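A.B. asks: Dropping in entry-v4.cif, which is mmCIF, C-alpha atoms:
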data_run
loop_
_atom_site.label_atom_id
_atom_site.label_comp_id
_atom_site.auth_asym_id
_atom_site.auth_seq_id
_atom_site.Cartn_x
_atom_site.Cartn_y
_atom_site.Cartn_z
CA MET W 1 0.00 0.00 0.00
CA GLU W 2 2.83 2.36 0.86
CA TYR W 3 4.53 1.53 -2.44
CA THR W 4 1.28 2.23 -4.32
CA ASN W 5 0.87 5.56 -2.54
CA MET W 6 4.44 6.48 -3.42
CA LYS W 7 3.78 5.63 -7.07
CA THR W 8 0.60 7.69 -7.00
CA LYS W 9 2.40 10.65 -5.43
CA SER W 10 5.19 10.37 -7.97
CA LEU W 11 2.71 10.26 -10.82
CA LEU W 12 0.81 13.27 -9.49
CA THR W 13 4.06 15.16 -9.04
CA ALA W 14 5.10 14.34 -12.59
CA LEU W 15 1.72 15.38 -14.01
CA PHE W 16 1.79 18.61 -12.03
CA SER W 17 5.29 19.41 -13.27
CA PHE W 18 4.28 18.58 -16.85
CA SER W 19 1.18 20.77 -16.61
CA CYS W 20 3.27 23.64 -15.29
CA LEU W 21 5.59 23.30 -18.24
CA MET W 22 2.75 23.06 -20.72
CA ALA W 23 0.58 25.86 -19.31
CA PRO W 24 2.67 28.73 -20.68
CA ALA W 25 2.86 27.07 -24.10
CA ALA W 26 -0.88 26.53 -24.13
CA ALA W 27 -1.48 30.12 -23.06
CA LEU W 28 0.73 31.35 -25.89
CA ALA W 29 -0.95 29.07 -28.39
CA ASP W 30 -4.37 30.42 -27.35
CA PHE W 31 -3.35 34.06 -27.52
CA PRO W 32 -5.38 36.14 -27.91
CA ASP W 33 -8.16 34.47 -25.95
CA LYS W 34 -10.11 37.64 -25.14
CA ASP W 35 -10.81 41.09 -26.56
CA ILE W 36 -7.97 43.42 -27.48
CA THR W 37 -8.05 47.16 -26.75
CA ILE W 38 -6.29 49.75 -28.89
CA ILE W 39 -5.85 53.15 -27.27
CA VAL W 40 -6.18 56.04 -29.71
CA PRO W 41 -4.40 59.06 -28.19
CA LYS W 42 -6.30 61.49 -30.41
CA SER W 43 -9.89 62.71 -30.62
CA PRO W 44 -12.59 60.81 -32.50
CA GLY W 45 -12.92 61.65 -36.19
CA GLY W 46 -9.30 62.67 -36.79
CA GLY W 47 -6.84 60.94 -39.08
CA THR W 48 -5.31 58.76 -36.36
CA ASP W 49 -8.75 57.68 -35.14
CA ILE W 50 -10.09 56.92 -38.62
CA THR W 51 -6.96 54.96 -39.54
CA THR W 52 -7.07 52.91 -36.33
CA ARG W 53 -10.72 52.00 -36.77
CA GLY W 54 -10.15 51.11 -40.41
CA LEU W 55 -7.27 48.83 -39.47
CA ILE W 56 -9.39 47.19 -36.77
CA GLN W 57 -12.10 46.44 -39.30
CA PHE W 58 -9.71 44.27 -41.32
CA ALA W 59 -7.71 42.89 -38.39
CA LYS W 60 -10.91 41.31 -37.05
CA GLU W 61 -10.77 38.93 -40.00
CA HIS W 62 -7.53 37.50 -38.60
CA VAL W 63 -8.51 37.00 -34.97
CA ASP W 64 -11.38 35.24 -33.15
CA HIS W 65 -12.00 37.97 -30.58
CA ASN W 66 -13.11 41.56 -30.74
CA ILE W 67 -10.76 44.53 -31.10
CA ILE W 68 -11.96 47.72 -29.47
CA ALA W 69 -10.74 51.28 -30.08
CA VAL W 70 -10.77 53.60 -27.06
CA ASN W 71 -10.03 57.31 -27.47
CA ARG W 72 -7.81 58.87 -24.81
CA PRO W 73 -6.90 62.31 -26.20
CA GLY W 74 -5.00 65.00 -24.34
CA ALA W 75 -1.64 66.77 -24.17
CA GLY W 76 -0.86 66.24 -27.84
CA GLY W 77 -1.35 62.49 -27.53
CA VAL W 78 0.75 62.09 -24.40
CA THR W 79 -2.20 61.15 -22.16
CA GLY W 80 -3.17 58.08 -24.14
CA MET W 81 0.39 56.97 -24.88
CA VAL W 82 1.38 57.16 -21.22
CA GLN W 83 -1.70 55.15 -20.24
CA ALA W 84 -0.72 52.47 -22.75
CA ALA W 85 2.90 52.43 -21.62
CA ASN W 86 1.75 51.87 -18.03
CA SER W 87 -0.75 49.13 -18.92
CA LYS W 88 -0.20 45.48 -18.07
CA PRO W 89 2.23 44.09 -20.69
CA ASN W 90 0.10 41.08 -21.61
CA GLY W 91 -0.53 41.96 -25.24
CA TYR W 92 -4.17 42.95 -24.75
CA THR W 93 -3.60 46.72 -24.64
CA LEU W 94 -2.10 48.34 -27.71
CA VAL W 95 -1.78 51.97 -28.72
CA MET W 96 -1.64 53.83 -32.02
CA THR W 97 1.37 55.97 -31.19
CA THR W 98 1.97 59.12 -33.19
CA VAL W 99 5.01 61.08 -34.30
CA GLU W 100 4.65 63.36 -31.26
CA LEU W 101 6.35 60.57 -29.32
CA ASP W 102 9.56 61.53 -31.17
CA ILE W 103 8.99 65.24 -30.59
CA LEU W 104 7.40 66.09 -27.25
CA PRO W 105 9.98 64.35 -25.00
CA HIS W 106 12.60 66.75 -26.40
CA MET W 107 10.34 69.68 -25.50
CA ASN W 108 9.94 68.42 -21.90
CA ARG W 109 6.27 67.70 -22.58
CA SER W 110 6.23 63.92 -22.20
CA PRO W 111 7.45 61.63 -19.40
CA ILE W 112 8.00 58.77 -21.87
CA ASP W 113 9.73 58.44 -25.21
CA TYR W 114 9.73 55.93 -28.07
CA THR W 115 11.65 53.34 -26.04
CA ALA W 116 8.50 52.66 -23.99
CA PHE W 117 7.11 50.55 -26.83
CA LYS W 118 7.73 47.87 -29.43
CA TYR W 119 6.24 48.75 -32.80
CA ILE W 120 4.12 46.52 -35.01
CA VAL W 121 2.92 48.35 -38.13
CA ALA W 122 2.76 51.98 -39.23
CA PRO W 123 -0.29 52.52 -41.45
CA ILE W 124 0.70 56.16 -41.90
CA ALA W 125 4.13 57.62 -42.64
CA GLU W 126 3.22 60.71 -44.63
CA PRO W 127 6.11 62.89 -45.77
CA ALA W 128 5.97 66.65 -45.47
CA GLY W 129 5.42 68.65 -48.62
CA LEU W 130 6.31 72.17 -49.72
CA ILE W 131 3.09 73.65 -51.12
CA VAL W 132 2.43 77.00 -52.81
CA PRO W 133 -0.62 78.70 -54.40
CA LYS W 134 -1.47 77.87 -58.01
CA ASP W 135 -0.47 81.36 -59.18
CA SER W 136 2.81 81.36 -57.24
CA PRO W 137 5.90 82.32 -59.28
CA PHE W 138 7.57 79.20 -57.88
CA ASN W 139 7.21 76.03 -59.91
CA SER W 140 10.00 74.07 -58.29
CA VAL W 141 11.88 73.75 -55.02
CA GLU W 142 14.91 75.27 -56.74
CA GLU W 143 12.98 78.42 -57.64
CA PHE W 144 11.63 78.73 -54.11
CA VAL W 145 15.11 78.33 -52.62
CA ALA W 146 16.70 80.78 -55.07
CA HIS W 147 14.14 83.44 -54.17
CA ALA W 148 14.63 82.82 -50.44
CA LYS W 149 18.40 83.17 -50.80
CA ALA W 150 18.02 86.42 -52.71
CA ASN W 151 15.41 87.75 -50.28
CA PRO W 152 16.26 86.44 -46.80
CA GLY W 153 13.44 86.70 -44.28
CA LYS W 154 10.89 87.91 -46.81
CA LEU W 155 8.87 84.77 -47.56
CA ARG W 156 6.11 83.70 -45.17
CA VAL W 157 5.74 79.95 -44.71
CA GLY W 158 2.90 78.49 -42.66
CA ASN W 159 2.86 75.32 -40.59
CA ALA W 160 0.61 73.45 -38.15
CA GLY W 161 1.86 75.05 -34.95
CA VAL W 162 5.06 75.51 -32.93
CA GLY W 163 6.81 72.19 -32.41
CA SER W 164 4.50 70.28 -34.76
CA ILE W 165 5.98 67.85 -37.25
CA TRP W 166 5.18 70.25 -40.08
CA HIS W 167 7.00 73.02 -38.21
CA LEU W 168 10.03 70.74 -38.09
CA ALA W 169 9.69 70.32 -41.86
CA SER W 170 10.02 74.07 -42.27
CA ILE W 171 13.09 74.14 -40.04
CA ALA W 172 14.61 71.26 -42.00
CA ILE W 173 14.31 73.22 -45.26
CA LYS W 174 16.03 76.22 -43.69
CA GLN W 175 18.80 74.03 -42.35
CA GLN W 176 19.38 72.00 -45.49
CA TYR W 177 19.43 74.97 -47.87
CA ASP W 178 20.84 77.57 -45.47
CA ILE W 179 17.99 79.98 -46.14
CA GLN W 180 15.78 82.18 -43.98
CA PHE W 181 12.06 82.86 -44.13
CA VAL W 182 9.34 83.71 -41.63
CA ASP W 183 7.66 80.74 -39.95
CA VAL W 184 3.95 81.30 -39.40
CA PRO W 185 2.58 78.66 -36.99
CA TYR W 186 -1.17 78.05 -36.88
CA ALA W 187 -2.47 76.72 -33.58
CA GLY W 188 -5.52 75.43 -35.46
CA GLY W 189 -3.34 72.93 -37.27
CA SER W 190 -2.86 71.97 -40.89
CA SER W 191 -6.36 72.89 -42.04
CA GLU W 192 -5.89 76.45 -40.80
CA ALA W 193 -2.53 76.72 -42.56
CA VAL W 194 -4.08 75.44 -45.81
CA ALA W 195 -6.91 77.96 -45.51
CA ALA W 196 -4.41 80.79 -44.98
CA LEU W 197 -2.50 79.75 -48.09
CA MET W 198 -5.71 79.59 -50.11
CA GLY W 199 -6.51 83.09 -48.84
CA GLN W 200 -3.11 84.29 -50.11
CA HIS W 201 -1.88 85.24 -46.65
CA LEU W 202 1.22 83.08 -47.12
CA ASP W 203 3.80 82.31 -49.76
CA ALA W 204 3.95 78.60 -48.92
CA ILE W 205 3.16 75.97 -46.31
CA THR W 206 4.85 72.83 -45.08
CA VAL W 207 2.21 70.17 -44.36
CA GLY W 208 1.42 66.66 -45.50
CA PRO W 209 0.05 66.48 -49.05
CA GLY W 210 -2.95 64.65 -47.63
CA ASN W 211 -3.84 67.74 -45.62
CA ALA W 212 -4.33 69.66 -48.86
CA ASN W 213 -5.27 66.76 -51.13
CA SER W 214 -8.56 68.18 -52.43
CA GLN W 215 -6.97 71.56 -53.23
CA LEU W 216 -3.99 69.89 -54.91
CA GLN W 217 -6.19 67.60 -56.97
CA ALA W 218 -8.33 70.58 -58.00
CA GLY W 219 -5.24 72.50 -59.14
CA GLU W 220 -5.78 75.25 -56.59
CA LEU W 221 -2.39 74.58 -54.98
CA LYS W 222 0.96 73.27 -56.24
CA LEU W 223 3.11 70.66 -54.53
CA LEU W 224 6.76 71.46 -55.25
CA GLY W 225 8.53 68.66 -53.39
CA ILE W 226 8.12 66.02 -50.70
CA MET W 227 10.40 65.07 -47.81
CA GLY W 228 10.18 61.30 -48.21
CA GLU W 229 12.19 58.31 -49.37
CA GLU W 230 10.42 58.11 -52.71
CA ARG W 231 7.75 59.79 -54.78
CA LEU W 232 4.12 59.44 -53.81
CA PRO W 233 1.92 57.40 -56.18
CA MET W 234 -0.76 60.07 -55.86
CA PHE W 235 1.73 62.72 -57.05
CA PRO W 236 4.12 60.82 -59.33
CA ASN W 237 5.48 63.96 -60.98
CA VAL W 238 6.54 65.62 -57.73
CA PRO W 239 10.20 65.00 -56.81
CA THR W 240 11.57 64.19 -53.38
CA PHE W 241 14.04 66.55 -51.78
CA LYS W 242 16.39 63.57 -51.81
CA GLU W 243 16.26 63.53 -55.61
CA LEU W 244 17.12 67.21 -55.58
CA GLY W 245 20.31 66.60 -53.65
CA ASN W 246 19.18 67.03 -50.04
CA ASP W 247 18.78 63.67 -48.36
CA PHE W 248 16.46 64.38 -45.43
CA ILE W 249 13.12 62.97 -44.38
CA VAL W 250 10.37 64.56 -42.31
CA ARG W 251 7.20 62.51 -41.93
CA ALA W 252 4.11 62.27 -39.76
CA TRP W 253 3.59 58.67 -38.74
CA ALA W 254 1.12 56.66 -36.75
CA ALA W 255 2.51 53.34 -35.51
CA LEU W 256 0.65 50.58 -33.69
CA ALA W 257 2.63 49.48 -30.64
CA VAL W 258 2.66 47.44 -27.45
CA PRO W 259 4.41 48.14 -24.13
CA VAL W 260 8.07 47.22 -24.41
CA LYS W 261 7.76 44.39 -21.85
CA VAL W 262 5.17 42.43 -23.84
CA SER W 263 6.55 38.94 -24.51
CA ASP W 264 8.22 38.26 -27.83
CA GLU W 265 5.71 35.50 -28.51
CA HIS W 266 2.69 37.77 -28.09
CA TYR W 267 4.44 40.52 -30.01
CA LYS W 268 5.06 38.16 -32.91
CA THR W 269 1.43 37.03 -32.93
CA LEU W 270 0.14 40.60 -32.92
CA SER W 271 2.60 41.54 -35.66
CA THR W 272 1.24 38.75 -37.85
CA ILE W 273 -2.39 39.75 -37.23
CA PHE W 274 -1.93 43.41 -38.08
CA THR W 275 0.56 42.91 -40.90
CA ASN W 276 -2.01 40.68 -42.59
CA ALA W 277 -4.70 43.31 -41.99
CA MET W 278 -2.52 46.00 -43.56
CA ALA W 279 -2.11 43.83 -46.67
CA GLU W 280 -5.85 43.48 -47.22
CA PRO W 281 -6.86 45.20 -50.50
CA GLY W 282 -9.89 46.59 -48.71
CA PHE W 283 -7.72 48.39 -46.18
CA VAL W 284 -5.54 49.89 -48.91
CA GLU W 285 -8.68 51.12 -50.68
CA PHE W 286 -10.05 52.49 -47.40
CA MET W 287 -6.89 54.49 -46.80
CA ASN W 288 -6.67 55.75 -50.37
CA ASN W 289 -10.22 57.03 -50.04
CA GLN W 290 -8.94 59.15 -47.14
CA GLY W 291 -6.23 60.55 -49.40
CA ILE W 292 -3.55 58.52 -47.60
CA GLU W 293 -0.99 56.16 -49.10
CA VAL W 294 -0.58 53.03 -46.98
CA ASN W 295 2.93 52.67 -45.60
CA ASP W 296 4.23 49.17 -46.37
CA MET W 297 7.20 49.01 -43.99
CA ASN W 298 7.74 45.70 -42.23
CA VAL W 299 8.07 45.38 -38.45
CA GLU W 300 11.85 45.85 -38.44
CA GLN W 301 11.63 48.90 -40.70
CA VAL W 302 8.93 50.51 -38.56
CA ASN W 303 11.05 50.19 -35.42
CA LYS W 304 14.05 51.59 -37.30
CA MET W 305 11.99 54.53 -38.59
CA VAL W 306 10.79 55.50 -35.12
CA ALA W 307 14.31 55.36 -33.68
CA GLU W 308 15.95 57.28 -36.55
CA ASP W 309 13.27 59.97 -36.62
CA ASN W 310 13.70 60.48 -32.89
CA GLU W 311 17.36 61.38 -33.36
CA TYR W 312 16.73 63.71 -36.31
CA TYR W 313 13.79 65.53 -34.75
CA LYS W 314 15.72 65.98 -31.52
CA GLU W 315 18.31 67.99 -33.45
CA LEU W 316 15.70 70.05 -35.31
CA ILE W 317 13.89 70.93 -32.09
CA LYS W 318 17.07 72.49 -30.72
CA GLN W 319 16.54 75.25 -33.30
CA ILE W 320 13.05 76.14 -32.06
CA THR W 321 12.53 78.99 -29.61
CA LEU W 322 9.93 77.65 -27.20
#
Could I get this file's structure written as structure tokens?
C.D. replies:
Amino acid sequence: MEYTNMKTKSLLTALFSFSCLMAPAAALADFPDKDITIIVPKSPGGGTDITTRGLIQFAKEHVDHNIIAVNRPGAGGVTGMVQAANSKPNGYTLVMTTVELDILPHMNRSPIDYTAFKYIVAPIAEPAGLIVPKDSPFNSVEEFVAHAKANPGKLRVGNAGVGSIWHLASIAIKQQYDIQFVDVPYAGGSSEAVAALMGQHLDAITVGPGNANSQLQAGELKLLGIMGEERLPMFPNVPTFKELGNDFIVRAWAALAVPVKVSDEHYKTLSTIFTNAMAEPGFVEFMNNQGIEVNDMNVEQVNKMVAEDNEYYKELIKQITL
């Protein structure tokens, strides 16, 4: 009887040990086994919100549970991003981080920076554009630069507000070409800057082409150049600044991310789900209907982009008087 009890105890011990070993594997295999939340650090109805909800629509086809968007706007996106960074790193709370994460920490306006997260996909990585009125004497970046050099401090160039990504685009042009013009920041954002240009209160603006897409398509404004890696399919005749001999990139991105301590296994699973969603033709069409080109960077490239942009924007911000 004692021998039998010992065998039984040994068997139970072995089964318990085996179950302990198998439990984590089973948990990983079942992930996700409940709803996923994506924090949107911007207000409902904006570009980040619309993009997130569009991505969710197609990601649901690749997962058995619901994916819920929750808006947590405030402090230029910092409120929502901090909440996500402080969430339990179990893979069930994600956040659509925005380019402000590479900007605001260098302005002492965020307690976290890009290292708080691991990045999955970046549906948006829109390059800045130099845009002028249709009747502007400038038909190229070269003509704009030549006039600025000959008339330092005379041109008025609008942007989306002090410290915004489009303000950094303006600073980058000054730095790269060693020219001077008057920066005119609009606290109301890109739409206000576009309206001012349409009203002929400015000589140019630096915003994303998507911010002025309808005016550009209607021929009411001219896009002289973009600050991206390559030309935009929507504007195939517009050169990059890189083509023109100045290799710099300024872009507004939105990147889906998880807290940095999320396990590699869960991170890989989430990366697969959302990469597949990004590749859905319906999602590409959805984004194009918003006037946005889908960014097709892979996971490694997205993480590299966020890190590299952080270093470049940090240097540009040093030139801003806050």
A.B. asks: Can you tell me which residues surround range 280-287 of chain W at a distance of at most 10 Å, considering all atoms listed in the file, apart from same-chain residues fewer than 4 positions away, and format the answer as a list in words?
C.D. replies: Ile50, Thr51, Gly54, Leu55, Ile56, Gln57, Phe58, Ala59, Glu61, Pro123, Ile124, Phe274, Thr275, Asn276, Gly291, Ile292, Glu293, Val294 and Asn295 of chain W
A.B. asks: Between W:Asn237, W:Gln215, W:Thr93, W:Thr206, which is the closest to Gly129 in chain W once you count all atoms listed in the file?
C.D. replies: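 With all atoms listed in the file as the atom set, the closest residue is W:Thr206.
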A.B. asks: Near range 245-256 of chain W, within 6 Å and counting all atoms listed in the file, which residues show up once chain neighbours fewer than 4 positions away are dropped, as an MDAnalysis selection string?
C.D. replies: chainID W and resid 95:99 119:122 124:128 169 227:228 241
A.B. asks: Deliver the residues from the most recent selection as a file, using C-alpha atoms, as a PDB file, in the coordinates of the input.
C.D. replies:
ATOM      1  CA  VAL W  95      -1.780  51.970 -28.720  1.00  0.00           C
ATOM      2  CA  MET W  96      -1.640  53.830 -32.020  1.00  0.00           C
ATOM      3  CA  THR W  97       1.370  55.970 -31.190  1.00  0.00           C
ATOM      4  CA  THR W  98       1.970  59.120 -33.190  1.00  0.00           C
ATOM      5  CA  VAL W  99       5.010  61.080 -34.300  1.00  0.00           C
ATOM      6  CA  TYR W 119       6.240  48.750 -32.800  1.00  0.00           C
ATOM      7  CA  ILE W 120       4.120  46.520 -35.010  1.00  0.00           C
ATOM      8  CA  VAL W 121       2.920  48.350 -38.130  1.00  0.00           C
ATOM      9  CA  ALA W 122       2.760  51.980 -39.230  1.00  0.00           C
ATOM     10  CA  ILE W 124       0.700  56.160 -41.900  1.00  0.00           C
ATOM     11  CA  ALA W 125       4.130  57.620 -42.640  1.00  0.00           C
ATOM     12  CA  GLU W 126       3.220  60.710 -44.630  1.00  0.00           C
ATOM     13  CA  PRO W 127       6.110  62.890 -45.770  1.00  0.00           C
ATOM     14  CA  ALA W 128       5.970  66.650 -45.470  1.00  0.00           C
ATOM     15  CA  ALA W 169       9.690  70.320 -41.860  1.00  0.00           C
ATOM     16  CA  MET W 227      10.400  65.070 -47.810  1.00  0.00           C
ATOM     17  CA  GLY W 228      10.180  61.300 -48.210  1.00  0.00           C
ATOM     18  CA  PHE W 241      14.040  66.550 -51.780  1.00  0.00           C
TER      19      PHE W 241
END
A.B. asks: For Pro105 in chain W, which residue among W:Met198, W:Ile320, W:Ala148, W:Asn310 is the nearest when counting all atoms listed in the file?
C.D. replies: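 Checking each candidate against Pro105 in chain W, we get W:Asn310 as the closest.
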A.B. asks: With 6 Å as the cut-off and all atoms listed in the file counted, what is the closest atom pair between each nearby residue of range 74-101 of chain W and range 261-273 of chain W? Distances in Å to one decimal, ordered by chain and number, as a tab-separated table.
C.D. replies:
residue	atom	partner	partner_atom	distance
W:Pro89	CA	W:Val262	CA	4.6
W:Asn90	CA	W:Val262	CA	5.7
W:Gly91	CA	W:Val262	CA	5.9
A.B. asks: Expanded to explicit residues, what is the PyMOL selection byres ((chain W and resi 156) around 8) for this file, as a ChimeraX atom specification?
C.D. replies: /W:153-155,157-158,181-184,202-204
A.B. asks: What is the distance, in Å and to one decimal place, between CA of Val162 in chain W and CA of Asp102 in chain W?
C.D. replies: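 That distance, rounded to one decimal, is 14.8 Å.
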A.B. asks: Taking the point (-1.7, 65.9, -25.3) as given in the file, collect each protein or nucleic acid residue that comes within 12 Å of it, counting all atoms listed in the file, and present the set as a list in words.
C.D. replies: Val40, Pro41, Lys42, Ser43, Arg72, Pro73, Gly74, Ala75, Gly76, Gly77, Val78, Thr79, Gly80, Met81, Val82, Gln83, Thr97, Thr98, Glu100, Leu101, Ile103, Leu104, Pro105, Arg109, Ser110 and Pro111 of chain W
A.B. asks: Which one is closest to Met297 in chain W: W:Ala85, W:Asn159, W:Ile131, W:Met278? Count only C-alpha atoms.
C.D. replies: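 Nearest candidate to Met297 in chain W out of W:Ala85, W:Asn159, W:Ile131, W:Met278: W:Met278.
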A.B. asks: Out of W:Asn288, W:Pro152, W:Pro137, W:Thr37, which residue has the shortest atom-to-atom distance to Pro233 in chain W when counting only C-alpha atoms?
C.D. replies: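 Among the listed residues, the smallest separation from Pro233 in chain W belongs to W:Asn288.
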A.B. asks: Centre and edge lengths of an axis-aligned box around all listed atoms of range 83-88 of chain W, with 5 Å added on each side, are to be given in Å to one decimal, as JSON.
C.D. replies:
{"center_x": 0.6, "center_y": 50.3, "center_z": -20.4, "size_x": 14.6, "size_y": 19.7, "size_z": 14.7}
A.B. asks: Give as an NGL selection string each residue that has an atom at most 8 Å from (0.5, 71.8, -35.3) in the file, counting only C-alpha atoms.
C.D. replies: :W and (159-167 or 185-190)
A.B. asks: Just the selected residues (C-alpha atoms), exported as a PDB file, in the coordinates of the input, please.
C.D. replies:
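Output saved as again_12.pdb:
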ATOM      1  CA  ASN W 159       2.860  75.320 -40.590  1.00  0.00           C
ATOM      2  CA  ALA W 160       0.610  73.450 -38.150  1.00  0.00           C
ATOM      3  CA  GLY W 161       1.860  75.050 -34.950  1.00  0.00           C
ATOM      4  CA  VAL W 162       5.060  75.510 -32.930  1.00  0.00           C
ATOM      5  CA  GLY W 163       6.810  72.190 -32.410  1.00  0.00           C
ATOM      6  CA  SER W 164       4.500  70.280 -34.760  1.00  0.00           C
ATOM      7  CA  ILE W 165       5.980  67.850 -37.250  1.00  0.00           C
ATOM      8  CA  TRP W 166       5.180  70.250 -40.080  1.00  0.00           C
ATOM      9  CA  HIS W 167       7.000  73.020 -38.210  1.00  0.00           C
ATOM     10  CA  PRO W 185       2.580  78.660 -36.990  1.00  0.00           C
ATOM     11  CA  TYR W 186      -1.170  78.050 -36.880  1.00  0.00           C
ATOM     12  CA  ALA W 187      -2.470  76.720 -33.580  1.00  0.00           C
ATOM     13  CA  GLY W 188      -5.520  75.430 -35.460  1.00  0.00           C
ATOM     14  CA  GLY W 189      -3.340  72.930 -37.270  1.00  0.00           C
ATOM     15  CA  SER W 190      -2.860  71.970 -40.890  1.00  0.00           C
TER      16      SER W 190
END
A.B. asks: Rounded to one decimal, what separation in Å do you get between CA of Glu143 in chain W and CA of Lys318 in chain W?
C.D. replies: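 So the two atoms, CA of Glu143 in chain W and CA of Lys318 in chain W, lie 27.9 Å apart.
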A.B. asks: Check the smallest atom-to-atom distance from each of W:Val63, W:Ile205, W:Ile226, W:Phe138 to Thr240 in chain W using all atoms listed in the file, then report the winner.
C.D. replies: W:Ile226
A.B. asks: Between CA of Ala84 in chain W and CA of Pro259 in chain W, measure the distance and give it in Å to one decimal.
C.D. replies: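 Those two atoms sit 6.9 Å apart.
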A.B. asks: Report as a list of chain:residue names all protein, DNA and RNA residues lying within 8 Å of range 218-222 of chain W, evaluated on all atoms listed in the file, omitting residues in the same chain fewer than 2 positions from it.
C.D. replies: W:Ile131, W:Val132, W:Pro133, W:Lys134, W:Asn139, W:Met198, W:Ser214, W:Gln215, W:Leu216, W:Leu224
A.B. asks: Save out the residues we just selected, C-alpha atoms, as a short mmCIF file (atom, residue, chain, number, x, y, z; two decimals), in the coordinates of the input.
C.D. replies:
data_model
loop_
_atom_site.label_atom_id
_atom_site.label_comp_id
_atom_site.auth_asym_id
_atom_site.auth_seq_id
_atom_site.Cartn_x
_atom_site.Cartn_y
_atom_site.Cartn_z
CA ILE W 131 3.09 73.65 -51.12
CA VAL W 132 2.43 77.00 -52.81
CA PRO W 133 -0.62 78.70 -54.40
CA LYS W 134 -1.47 77.87 -58.01
CA ASN W 139 7.21 76.03 -59.91
CA MET W 198 -5.71 79.59 -50.11
CA SER W 214 -8.56 68.18 -52.43
CA GLN W 215 -6.97 71.56 -53.23
CA LEU W 216 -3.99 69.89 -54.91
CA LEU W 224 6.76 71.46 -55.25
#
A.B. asks: Just so the selection is clear, what residues does the PyMOL selection byres ((chain W and resi 64) around 10) cover here, as a JSON list (two decimals) with C-alpha atoms, in the frame of the given file?
C.D. replies:
[["chain", "number", "residue", "atom", "x", "y", "z"],
["W", 31, "PHE", "CA", -3.35, 34.06, -27.52],
["W", 32, "PRO", "CA", -5.38, 36.14, -27.91],
["W", 33, "ASP", "CA", -8.16, 34.47, -25.95],
["W", 34, "LYS", "CA", -10.11, 37.64, -25.14],
["W", 35, "ASP", "CA", -10.81, 41.09, -26.56],
["W", 59, "ALA", "CA", -7.71, 42.89, -38.39],
["W", 60, "LYS", "CA", -10.91, 41.31, -37.05],
["W", 61, "GLU", "CA", -10.77, 38.93, -40.00],
["W", 62, "HIS", "CA", -7.53, 37.50, -38.60],
["W", 63, "VAL", "CA", -8.51, 37.00, -34.97],
["W", 65, "HIS", "CA", -12.00, 37.97, -30.58],
["W", 66, "ASN", "CA", -13.11, 41.56, -30.74],
["W", 67, "ILE", "CA", -10.76, 44.53, -31.10]]
A.B. asks: Pick the closest to Asn86 in chain W from W:Val258, W:Ser191, W:Lys174, W:Pro209: which is it, counting all atoms listed in the file?
C.D. replies: W:Val258
